[in-house]
Structures are given as C-alpha cells and as structure tokens.
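Below is the file work.cif, which contains mmCIF, C-alpha atoms.
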data_query
#
loop_
_atom_site.label_atom_id
_atom_site.label_comp_id
_atom_site.auth_asym_id
_atom_site.auth_seq_id
_atom_site.Cartn_x
_atom_site.Cartn_y
_atom_site.Cartn_z
CA MET A 406 -43.64 5.30 -23.59
CA LYS A 407 -45.60 6.09 -20.49
CA LEU A 408 -44.73 9.13 -18.43
CA SER A 409 -44.48 6.88 -15.36
CA ALA A 410 -41.58 5.01 -17.01
CA ILE A 411 -39.78 8.14 -18.18
CA ILE A 412 -39.56 9.82 -14.76
CA PRO A 413 -37.59 7.00 -13.02
CA LEU A 414 -35.30 6.75 -16.04
CA ALA A 415 -34.67 10.51 -15.96
CA LEU A 416 -33.90 10.38 -12.23
CA LEU A 417 -31.48 7.52 -12.78
CA LEU A 418 -29.67 9.36 -15.56
CA ALA A 419 -29.49 12.50 -13.43
CA ALA A 420 -27.88 10.55 -10.56
CA LEU A 421 -25.16 8.89 -12.66
CA PRO A 422 -22.70 11.84 -12.61
CA ALA A 423 -22.89 11.98 -8.81
CA VAL A 424 -22.14 8.26 -8.55
CA ALA A 425 -19.25 8.54 -11.01
CA GLN A 426 -17.63 11.28 -8.90
CA GLN A 427 -17.36 9.17 -5.75
CA PRO A 428 -13.75 9.14 -4.54
CA LEU A 429 -11.78 5.94 -4.76
CA PRO A 430 -10.99 4.22 -1.47
CA PRO A 431 -7.58 5.14 -0.09
CA ARG A 432 -4.72 3.06 -1.37
CA PRO A 433 -2.84 1.25 1.38
CA ALA A 434 0.28 3.23 2.13
CA MET A 435 3.68 1.81 1.39
CA ALA A 436 5.94 1.65 4.39
CA ALA A 437 8.25 4.61 4.80
CA PHE A 438 11.95 4.38 5.58
CA THR A 439 11.32 6.22 8.87
CA ASP A 440 8.78 3.54 9.86
CA PHE A 441 11.67 1.07 9.94
CA ASP A 442 14.57 3.26 11.10
CA ALA A 443 13.44 3.33 14.75
CA ASN A 444 16.54 5.04 16.15
CA GLY A 445 16.79 7.57 13.31
CA ASP A 446 20.43 6.84 12.49
CA GLY A 447 19.80 6.62 8.73
CA THR A 448 20.26 2.84 8.55
CA ILE A 449 17.80 0.05 9.22
CA SER A 450 19.35 -2.74 11.29
CA GLU A 451 18.09 -6.29 10.99
CA GLN A 452 16.36 -6.02 14.38
CA GLU A 453 14.65 -2.75 13.40
CA PHE A 454 13.54 -4.40 10.16
CA VAL A 455 12.07 -7.44 11.92
CA ASP A 456 10.37 -5.33 14.61
CA ALA A 457 8.84 -2.88 12.11
CA ARG A 458 7.66 -5.62 9.75
CA ASN A 459 6.05 -7.55 12.62
CA ALA A 460 4.34 -4.39 13.88
CA ARG A 461 3.05 -3.64 10.38
CA ILE A 462 1.74 -7.19 9.95
CA ALA A 463 -0.02 -7.05 13.34
CA ALA A 464 -1.52 -3.61 12.68
CA ARG A 465 -2.92 -4.60 9.30
CA ALA A 466 -4.29 -7.87 10.67
CA GLY A 467 -5.98 -5.91 13.46
CA GLU A 468 -7.66 -3.76 10.80
CA GLY A 469 -8.88 -6.89 9.04
CA ARG A 470 -6.43 -6.36 6.17
CA PRO A 471 -3.87 -9.16 6.34
CA MET A 472 -0.78 -8.58 4.24
CA ARG A 473 -0.72 -10.53 1.02
CA GLY A 474 2.33 -12.32 -0.30
CA LEU A 475 4.17 -12.70 3.00
CA ALA A 476 5.54 -16.06 1.92
CA GLN A 477 7.26 -14.33 -1.02
CA ALA A 478 8.35 -11.23 0.94
CA GLU A 479 12.00 -10.33 0.64
CA GLU A 480 14.15 -10.99 3.66
CA PHE A 481 16.55 -8.51 5.24
CA LYS A 482 19.56 -10.01 3.44
CA ASP A 483 17.78 -9.60 0.09
CA ILE A 484 17.17 -5.89 0.68
CA ASP A 485 20.67 -5.26 2.10
CA SER A 486 22.15 -5.51 -1.38
CA ASN A 487 25.71 -4.57 -0.39
CA GLY A 488 25.75 -6.96 2.57
CA ASP A 489 26.96 -4.38 5.10
CA GLY A 490 24.42 -5.42 7.76
CA GLY A 491 22.18 -2.37 7.33
CA ILE A 492 19.60 -1.15 4.86
CA SER A 493 20.31 2.35 3.57
CA ARG A 494 17.61 4.66 2.25
CA ASP A 495 18.75 3.85 -1.32
CA GLU A 496 18.48 0.10 -0.71
CA PHE A 497 15.07 0.58 0.91
CA ASP A 498 13.84 2.72 -2.00
CA ALA A 499 15.10 0.13 -4.49
CA HIS A 500 13.20 -2.57 -2.59
CA GLN A 501 10.02 -0.46 -2.62
CA GLY A 502 10.49 0.15 -6.35
CA ARG A 503 10.69 -3.58 -7.01
CA HIS A 504 7.58 -4.06 -4.91
CA MET A 505 5.41 -1.34 -6.46
CA PRO A 506 4.88 -2.79 -9.96
CA ALA A 507 3.21 -5.87 -8.45
CA ARG A 508 0.64 -3.78 -6.57
CA PRO A 509 -2.73 -3.02 -8.16
CA ARG A 510 -3.08 0.55 -9.34
CA TYR A 511 -6.19 2.68 -9.31
CA PRO A 512 -7.21 4.05 -12.69
CA ALA A 513 -6.03 7.55 -13.52
CA ARG A 514 -8.56 10.29 -13.01
#

Would you mind writing the file's structure down as structure tokens?
Amino acid sequence: MKLSAIIPLALLLAALPAVAQQPLPPRPAMAAFTDFDANGDGTISEQEFVDARNARIAARAGEGRPMRGLAQAEEFKDIDSNGDGGISRDEFDAHQGRHMPARPRYPAR
C-alpha cells in the first residue's frame, strides 16, 4: 500500500474517537407542574392548563419545533382523573408518566 494512502487513513482513524465523543443534542424538556400552575396554589385549573398548553405550543412553533401528536393529546378531563376540576401534582405526574414511554430515548452513555 502506498504511503500516500496510509496517511489519510491514519488521520481518519485518529479522528474517530473525537467524533464519537460529541455530546447528544439536548432532549426537549417535559413540561413541569410549575409551568402550568400559574398562581402557585398547588392545583392546575382548566384555564391554567389551556393557557400553559397554548403558550407551550406557540413557543415550540416559534422555535421551528412544532409539537407532535397534538391530535392525540390528552384533554384536561382526561388528566383530572378524580374529576374534582383541578389537576394535582400526582395527577400531573401520572399524566407525564403515561406520556414518557412514547417519547424517543437517547442511547445510554
């Protein structure tokens, strides 16, 4: 093999570890309970839910990242599992837990 062919191959092999160490792009953050509980009373009202969801949709669209699956998104009444007219932190966390398995995961490092 010619020396002129070996040098580019050696450079390529030397660069591979650096390429493999590149960080993964940030994973889109899940919404936090406090993002929805605008008045901080520990319960998300239906109006707070609608306002926060609309703001989140608009913000992501403005970043060029429209939210996927909006047609299948759970409604307020689906998340308010006890039907008391408010979403508690437990109900919100349960909703997020149902939502997480459907999201793509980055490989473990």

Practice problem: Have a look at A:Asp489, A:Glu468, A:Asp498, A:Asp456 and name the one nearest to Ala443 (chain A); count only C-alpha atoms. | Solution: A:Asp456

Exercise. State, in Å with one decimal place, the distance from CA of Arg473 (chain A) to CA of Thr448 (chain A).
Key: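 These two atoms are separated by 26.0 Å.
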
Quiz item: Written as a ChimeraX atom specification, what is the full residue list that the PyMOL selection byres ((chain A and resi 452) around 12) yields on the file shown?
Solution: /A:441-444,448-451,453-459,481,490-492

Exercise. Could you tell me which of A:Ile412, A:Ala460, A:Ala499, A:Ala466 comes closest to Asp485 (chain A) if we count all atoms listed in the file?
Key: A:Ala499

Self-check item: Between CA of Gly469 (chain A) and CA of Asp483 (chain A), distance in Å (one decimal)
Solution: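 Interatomic distance, CA of Gly469 (chain A) to CA of Asp483 (chain A): 28.3 Å.
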
Quiz item: How far is it from CA of Pro471 (chain A) to CA of Arg494 (chain A), in Å with one decimal?
Solution: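 Here the two named atoms are 25.9 Å from each other.
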
Quiz item: Which one of A:Leu475, A:Ile462, A:Arg470, A:Phe438 sits closest to Glu496 (chain A) if you count all atoms listed in the file?
Solution: A:Phe438

Quiz item: Excluding same-chain residues fewer than 2 positions from Gly474 (chain A), what lies within 12 Å of it counting only C-alpha atoms, as a ChimeraX atom specification?
Solution: /A:462,471-472,476-479,504,507-508
